[in-house]
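protein_0.pdb (PDB, C-alpha atoms) appears below.
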ATOM      1  CA  MET A   1      22.344  82.453  -1.353  1.00  0.00           C
ATOM      2  CA  GLN A   2      22.701  82.592  -5.067  1.00  0.00           C
ATOM      3  CA  VAL A   3      24.907  85.416  -6.136  1.00  0.00           C
ATOM      4  CA  SER A   4      24.476  87.491  -9.215  1.00  0.00           C
ATOM      5  CA  GLY A   5      25.640  90.840 -10.419  1.00  0.00           C
ATOM      6  CA  THR A   6      23.697  94.050 -10.268  1.00  0.00           C
ATOM      7  CA  ASP A   7      23.881  97.088 -12.517  1.00  0.00           C
ATOM      8  CA  ASP A   8      26.158  98.825 -10.017  1.00  0.00           C
ATOM      9  CA  GLY A   9      28.537  95.829  -9.783  1.00  0.00           C
ATOM     10  CA  ARG A  10      27.484  94.655  -6.323  1.00  0.00           C
ATOM     11  CA  ILE A  11      26.773  91.007  -5.634  1.00  0.00           C
ATOM     12  CA  ARG A  12      23.314  90.190  -4.352  1.00  0.00           C
ATOM     13  CA  PRO A  13      21.755  87.005  -3.032  1.00  0.00           C
ATOM     14  CA  ALA A  14      19.294  85.140  -5.193  1.00  0.00           C
ATOM     15  CA  ASP A  15      16.068  83.511  -4.210  1.00  0.00           C
ATOM     16  CA  PRO A  16      16.794  80.679  -1.728  1.00  0.00           C
ATOM     17  CA  ALA A  17      13.902  78.757  -3.302  1.00  0.00           C
ATOM     18  CA  ASP A  18      15.863  78.626  -6.583  1.00  0.00           C
ATOM     19  CA  VAL A  19      18.938  77.308  -4.783  1.00  0.00           C
ATOM     20  CA  GLU A  20      16.900  74.705  -2.889  1.00  0.00           C
ATOM     21  CA  ARG A  21      15.142  73.598  -6.072  1.00  0.00           C
ATOM     22  CA  SER A  22      18.470  73.157  -7.867  1.00  0.00           C
ATOM     23  CA  LEU A  23      20.001  71.328  -4.898  1.00  0.00           C
ATOM     24  CA  VAL A  24      17.045  68.923  -4.623  1.00  0.00           C
ATOM     25  CA  GLU A  25      16.993  68.245  -8.370  1.00  0.00           C
ATOM     26  CA  TRP A  26      20.738  67.581  -8.388  1.00  0.00           C
ATOM     27  CA  LEU A  27      20.512  65.219  -5.402  1.00  0.00           C
ATOM     28  CA  ARG A  28      17.563  63.356  -6.954  1.00  0.00           C
ATOM     29  CA  GLY A  29      19.689  62.616 -10.000  1.00  0.00           C
ATOM     30  CA  GLU A  30      22.919  61.898  -8.130  1.00  0.00           C
ATOM     31  CA  LEU A  31      21.299  59.592  -5.557  1.00  0.00           C
ATOM     32  CA  GLU A  32      18.703  58.193  -7.990  1.00  0.00           C
ATOM     33  CA  ASP A  33      15.847  59.021  -5.609  1.00  0.00           C
ATOM     34  CA  PRO A  34      12.973  61.048  -7.088  1.00  0.00           C
ATOM     35  CA  ASP A  35      11.355  61.479  -3.665  1.00  0.00           C
ATOM     36  CA  ILE A  36      14.033  63.748  -2.120  1.00  0.00           C
ATOM     37  CA  THR A  37      12.662  67.051  -0.794  1.00  0.00           C
ATOM     38  CA  GLY A  38      14.006  70.064   1.052  1.00  0.00           C
ATOM     39  CA  ALA A  39      12.660  68.562   4.282  1.00  0.00           C
ATOM     40  CA  ASP A  40      15.064  65.607   4.054  1.00  0.00           C
ATOM     41  CA  ASN A  41      18.336  65.273   5.927  1.00  0.00           C
ATOM     42  CA  PHE A  42      21.379  64.903   3.673  1.00  0.00           C
ATOM     43  CA  LEU A  43      22.820  61.892   5.523  1.00  0.00           C
ATOM     44  CA  ASP A  44      19.444  60.153   5.852  1.00  0.00           C
ATOM     45  CA  ILE A  45      18.961  60.160   2.067  1.00  0.00           C
ATOM     46  CA  GLY A  46      22.346  58.526   1.496  1.00  0.00           C
ATOM     47  CA  GLY A  47      24.586  61.565   1.160  1.00  0.00           C
ATOM     48  CA  HIS A  48      28.231  61.257   2.193  1.00  0.00           C
ATOM     49  CA  SER A  49      31.419  63.284   1.981  1.00  0.00           C
ATOM     50  CA  LEU A  50      31.995  62.691  -1.751  1.00  0.00           C
ATOM     51  CA  THR A  51      28.379  63.546  -2.526  1.00  0.00           C
ATOM     52  CA  PHE A  52      28.739  66.694  -0.417  1.00  0.00           C
ATOM     53  CA  ALA A  53      31.884  67.754  -2.313  1.00  0.00           C
ATOM     54  CA  LYS A  54      30.182  67.186  -5.680  1.00  0.00           C
ATOM     55  CA  LEU A  55      27.046  69.015  -4.519  1.00  0.00           C
ATOM     56  CA  ASN A  56      29.103  71.999  -3.393  1.00  0.00           C
ATOM     57  CA  GLN A  57      30.873  72.038  -6.761  1.00  0.00           C
ATOM     58  CA  HIS A  58      27.470  72.103  -8.471  1.00  0.00           C
ATOM     59  CA  LEU A  59      26.300  74.971  -6.242  1.00  0.00           C
ATOM     60  CA  SER A  60      29.568  76.840  -6.710  1.00  0.00           C
ATOM     61  CA  ASP A  61      29.334  76.519 -10.494  1.00  0.00           C
ATOM     62  CA  SER A  62      25.633  77.397 -10.585  1.00  0.00           C
ATOM     63  CA  PHE A  63      25.313  80.016  -7.860  1.00  0.00           C
ATOM     64  CA  GLY A  64      28.799  81.003  -6.688  1.00  0.00           C
ATOM     65  CA  ALA A  65      27.970  79.704  -3.215  1.00  0.00           C
ATOM     66  CA  VAL A  66      28.550  76.623  -1.067  1.00  0.00           C
ATOM     67  CA  LEU A  67      26.936  74.823   1.849  1.00  0.00           C
ATOM     68  CA  ASP A  68      28.367  74.456   5.329  1.00  0.00           C
ATOM     69  CA  MET A  69      29.140  70.771   5.981  1.00  0.00           C
ATOM     70  CA  LYS A  70      28.037  70.686   9.632  1.00  0.00           C
ATOM     71  CA  THR A  71      24.707  72.373   8.873  1.00  0.00           C
ATOM     72  CA  THR A  72      24.102  70.169   5.836  1.00  0.00           C
ATOM     73  CA  TYR A  73      24.798  66.993   7.794  1.00  0.00           C
ATOM     74  CA  GLU A  74      22.709  67.981  10.829  1.00  0.00           C
ATOM     75  CA  GLU A  75      19.753  69.970   9.461  1.00  0.00           C
ATOM     76  CA  PRO A  76      17.146  69.454   6.726  1.00  0.00           C
ATOM     77  CA  LEU A  77      18.306  70.493   3.262  1.00  0.00           C
ATOM     78  CA  GLY A  78      16.006  73.523   3.263  1.00  0.00           C
ATOM     79  CA  VAL A  79      17.647  74.831   6.445  1.00  0.00           C
ATOM     80  CA  ALA A  80      21.142  74.235   5.037  1.00  0.00           C
ATOM     81  CA  VAL A  81      20.240  76.369   2.020  1.00  0.00           C
ATOM     82  CA  THR A  82      19.347  79.310   4.265  1.00  0.00           C
ATOM     83  CA  LYS A  83      22.926  79.255   5.583  1.00  0.00           C
ATOM     84  CA  ILE A  84      24.689  78.986   2.217  1.00  0.00           C
ATOM     85  CA  GLN A  85      27.802  81.148   1.842  1.00  0.00           C
ATOM     86  CA  PRO A  86      29.398  82.884  -1.134  1.00  0.00           C
ATOM     87  CA  VAL A  87      32.430  80.947  -2.339  1.00  0.00           C
ATOM     88  CA  GLU A  88      34.783  83.821  -1.470  1.00  0.00           C
ATOM     89  CA  SER A  89      33.817  83.848   2.212  1.00  0.00           C
ATOM     90  CA  ALA A  90      33.773  80.047   2.534  1.00  0.00           C
ATOM     91  CA  THR A  91      37.139  79.366   0.951  1.00  0.00           C
ATOM     92  CA  PRO A  92      40.238  80.133   3.011  1.00  0.00           C
ATOM     93  CA  THR A  93      42.848  82.113   1.187  1.00  0.00           C
ATOM     94  CA  THR A  94      46.491  81.118   1.075  1.00  0.00           C
ATOM     95  CA  ARG A  95      49.371  83.482   0.840  1.00  0.00           C
TER      96      ARG A  95
END

Whole structure given in structure tokens:
Amino acid sequence: MQVSGTDDGRIRPADPADVERSLVEWLRGELEDPDITGADNFLDIGGHSLTFAKLNQHLSDSFGAVLDMKTTYEEPLGVAVTKIQPVESATPTTR
């Protein structure tokens, strides 16, 4: 879910295909594997916790949203993208 503003100030999701495309391109560069696709599993392509943290930072900076770790580790990348969350709802607040 990419987030972007609307004319009335509400946040709306962006095209999941754009998020998936960005995620795949980023992982191809980070893992130096041009064959990565949305059908791949994150762990099977060599992803690990540091890669996941860096990927989520990329998605947060680019789309204002982050992936769920469990889903990303267990499902294909394309499925993980469908369950992406806005940063505000994924980050616990401290008081």

*CA of Ser49 (chain A) and CA of Ala17 (chain A) are how many Å apart?*
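Value for the CA of Ser49 (chain A)-CA of Ala17 (chain A) distance: 24.0 Å.
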
*For Ala39 (chain A), which of A:Ile84, A:Ser60, A:Lys54, A:Leu77 is the closest residue, counting all atoms listed in the file?*
A:Leu77

*What does the distance from CA of Gly64 (chain A) to CA of His48 (chain A) come to in Å, to one decimal?*
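Here the two named atoms are 21.7 Å from each other.
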
*Got a sec: who's within 12 Å of Phe42 (chain A), counting all atoms listed in the file, leaving out chain neighbours fewer than 5 positions off, as a list in words?*
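Using all atoms listed in the file, the neighbours found are Leu23, Val24, Leu27, Arg28, Leu31, Ile36, Thr37, Gly47, His48, Ser49, Thr51, Phe52, Leu55, Leu67, Asp68, Met69, Lys70, Thr71, Thr72, Tyr73, Glu74, Glu75, Pro76, Leu77, Gly78, Val79, Ala80 and Val81 of chain A.
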
Selection above as a file: C-alpha atoms, as an mmCIF file, keeping the file's coordinate frame:
data_model
loop_
_atom_site.group_PDB
_atom_site.id
_atom_site.type_symbol
_atom_site.label_atom_id
_atom_site.label_comp_id
_atom_site.auth_asym_id
_atom_site.auth_seq_id
_atom_site.Cartn_x
_atom_site.Cartn_y
_atom_site.Cartn_z
ATOM 1 C CA LEU A 23 20.001 71.328 -4.898
ATOM 2 C CA VAL A 24 17.045 68.923 -4.623
ATOM 3 C CA LEU A 27 20.512 65.219 -5.402
ATOM 4 C CA ARG A 28 17.563 63.356 -6.954
ATOM 5 C CA LEU A 31 21.299 59.592 -5.557
ATOM 6 C CA ILE A 36 14.033 63.748 -2.120
ATOM 7 C CA THR A 37 12.662 67.051 -0.794
ATOM 8 C CA GLY A 47 24.586 61.565 1.160
ATOM 9 C CA HIS A 48 28.231 61.257 2.193
ATOM 10 C CA SER A 49 31.419 63.284 1.981
ATOM 11 C CA THR A 51 28.379 63.546 -2.526
ATOM 12 C CA PHE A 52 28.739 66.694 -0.417
ATOM 13 C CA LEU A 55 27.046 69.015 -4.519
ATOM 14 C CA LEU A 67 26.936 74.823 1.849
ATOM 15 C CA ASP A 68 28.367 74.456 5.329
ATOM 16 C CA MET A 69 29.140 70.771 5.981
ATOM 17 C CA LYS A 70 28.037 70.686 9.632
ATOM 18 C CA THR A 71 24.707 72.373 8.873
ATOM 19 C CA THR A 72 24.102 70.169 5.836
ATOM 20 C CA TYR A 73 24.798 66.993 7.794
ATOM 21 C CA GLU A 74 22.709 67.981 10.829
ATOM 22 C CA GLU A 75 19.753 69.970 9.461
ATOM 23 C CA PRO A 76 17.146 69.454 6.726
ATOM 24 C CA LEU A 77 18.306 70.493 3.262
ATOM 25 C CA GLY A 78 16.006 73.523 3.263
ATOM 26 C CA VAL A 79 17.647 74.831 6.445
ATOM 27 C CA ALA A 80 21.142 74.235 5.037
ATOM 28 C CA VAL A 81 20.240 76.369 2.020
#

_Pairwise distance for CA of Ala65 (chain A) and CA of Trp26 (chain A), rounded to one decimal in Å_ = 15.0 Å

*Point out the residue among A:Gln85, A:Glu32, A:Asp40, A:Phe63 with the least atom-to-atom distance to Val19 (chain A), counting all atoms listed in the file.*
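Closest to Val19 (chain A) of all the choices is A:Phe63.
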
*Selected residue, from A:Asn41, A:Lys83, A:Ser22, A:Gly29, that lies nearest to His58 (chain A) when counting all atoms listed in the file*: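 Closest candidate: A:Ser22.
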
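If only C-alpha atoms are the atoms counted, then among A:Glu20, A:Pro86, A:Glu30, A:Leu59 the closest residue to Gly46 (chain A) is A:Glu30.
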
Would you fill out region 15-32 of chain A with N, CA, C and O atoms and return it as an mmCIF file, keeping the file's coordinate frame?
data_model
loop_
_atom_site.group_PDB
_atom_site.id
_atom_site.type_symbol
_atom_site.label_atom_id
_atom_site.label_comp_id
_atom_site.auth_asym_id
_atom_site.auth_seq_id
_atom_site.Cartn_x
_atom_site.Cartn_y
_atom_site.Cartn_z
ATOM 1 N N ASP A 15 17.178 84.129 -4.913
ATOM 2 C CA ASP A 15 16.068 83.511 -4.210
ATOM 3 C C ASP A 15 16.492 82.151 -3.641
ATOM 4 O O ASP A 15 16.869 81.255 -4.402
ATOM 5 N N PRO A 16 16.431 81.971 -2.319
ATOM 6 C CA PRO A 16 16.794 80.679 -1.728
ATOM 7 C C PRO A 16 15.954 79.524 -2.285
ATOM 8 O O PRO A 16 16.424 78.396 -2.352
ATOM 9 N N ALA A 17 14.743 79.814 -2.721
ATOM 10 C CA ALA A 17 13.902 78.757 -3.302
ATOM 11 C C ALA A 17 14.531 78.214 -4.583
ATOM 12 O O ALA A 17 14.456 77.010 -4.853
ATOM 13 N N ASP A 18 15.184 79.082 -5.371
ATOM 14 C CA ASP A 18 15.863 78.626 -6.583
ATOM 15 C C ASP A 18 17.044 77.727 -6.243
ATOM 16 O O ASP A 18 17.279 76.716 -6.904
ATOM 17 N N VAL A 19 17.790 78.106 -5.207
ATOM 18 C CA VAL A 19 18.938 77.308 -4.783
ATOM 19 C C VAL A 19 18.452 75.951 -4.268
ATOM 20 O O VAL A 19 18.997 74.907 -4.635
ATOM 21 N N GLU A 20 17.428 75.961 -3.430
ATOM 22 C CA GLU A 20 16.900 74.705 -2.889
ATOM 23 C C GLU A 20 16.383 73.799 -4.005
ATOM 24 O O GLU A 20 16.641 72.596 -4.012
ATOM 25 N N ARG A 21 15.680 74.371 -4.949
ATOM 26 C CA ARG A 21 15.142 73.598 -6.072
ATOM 27 C C ARG A 21 16.289 72.945 -6.865
ATOM 28 O O ARG A 21 16.222 71.759 -7.188
ATOM 29 N N SER A 22 17.331 73.688 -7.128
ATOM 30 C CA SER A 22 18.470 73.157 -7.867
ATOM 31 C C SER A 22 19.170 72.064 -7.069
ATOM 32 O O SER A 22 19.538 71.018 -7.614
ATOM 33 N N LEU A 23 19.351 72.292 -5.782
ATOM 34 C CA LEU A 23 20.001 71.328 -4.898
ATOM 35 C C LEU A 23 19.203 70.021 -4.867
ATOM 36 O O LEU A 23 19.767 68.935 -5.020
ATOM 37 N N VAL A 24 17.903 70.110 -4.691
ATOM 38 C CA VAL A 24 17.045 68.923 -4.623
ATOM 39 C C VAL A 24 17.071 68.178 -5.957
ATOM 40 O O VAL A 24 17.217 66.950 -5.987
ATOM 41 N N GLU A 25 16.954 68.893 -7.056
ATOM 42 C CA GLU A 25 16.993 68.245 -8.370
ATOM 43 C C GLU A 25 18.323 67.534 -8.597
ATOM 44 O O GLU A 25 18.365 66.411 -9.102
ATOM 45 N N TRP A 26 19.420 68.183 -8.214
ATOM 46 C CA TRP A 26 20.738 67.581 -8.388
ATOM 47 C C TRP A 26 20.852 66.316 -7.540
ATOM 48 O O TRP A 26 21.315 65.277 -8.023
ATOM 49 N N LEU A 27 20.433 66.388 -6.286
ATOM 50 C CA LEU A 27 20.512 65.219 -5.402
ATOM 51 C C LEU A 27 19.612 64.088 -5.894
ATOM 52 O O LEU A 27 19.992 62.912 -5.798
ATOM 53 N N ARG A 28 18.443 64.399 -6.414
ATOM 54 C CA ARG A 28 17.563 63.356 -6.954
ATOM 55 C C ARG A 28 18.264 62.571 -8.054
ATOM 56 O O ARG A 28 18.178 61.349 -8.115
ATOM 57 N N GLY A 29 18.955 63.282 -8.926
ATOM 58 C CA GLY A 29 19.689 62.616 -10.000
ATOM 59 C C GLY A 29 20.914 61.869 -9.491
ATOM 60 O O GLY A 29 21.153 60.719 -9.869
ATOM 61 N N GLU A 30 21.679 62.494 -8.645
ATOM 62 C CA GLU A 30 22.919 61.898 -8.130
ATOM 63 C C GLU A 30 22.641 60.648 -7.294
ATOM 64 O O GLU A 30 23.346 59.653 -7.406
ATOM 65 N N LEU A 31 21.604 60.710 -6.456
ATOM 66 C CA LEU A 31 21.299 59.592 -5.557
ATOM 67 C C LEU A 31 20.203 58.673 -6.108
ATOM 68 O O LEU A 31 19.808 57.717 -5.441
ATOM 69 N N GLU A 32 19.729 58.989 -7.321
ATOM 70 C CA GLU A 32 18.703 58.193 -7.990
ATOM 71 C C GLU A 32 17.496 57.965 -7.078
ATOM 72 O O GLU A 32 17.019 56.841 -6.893
#
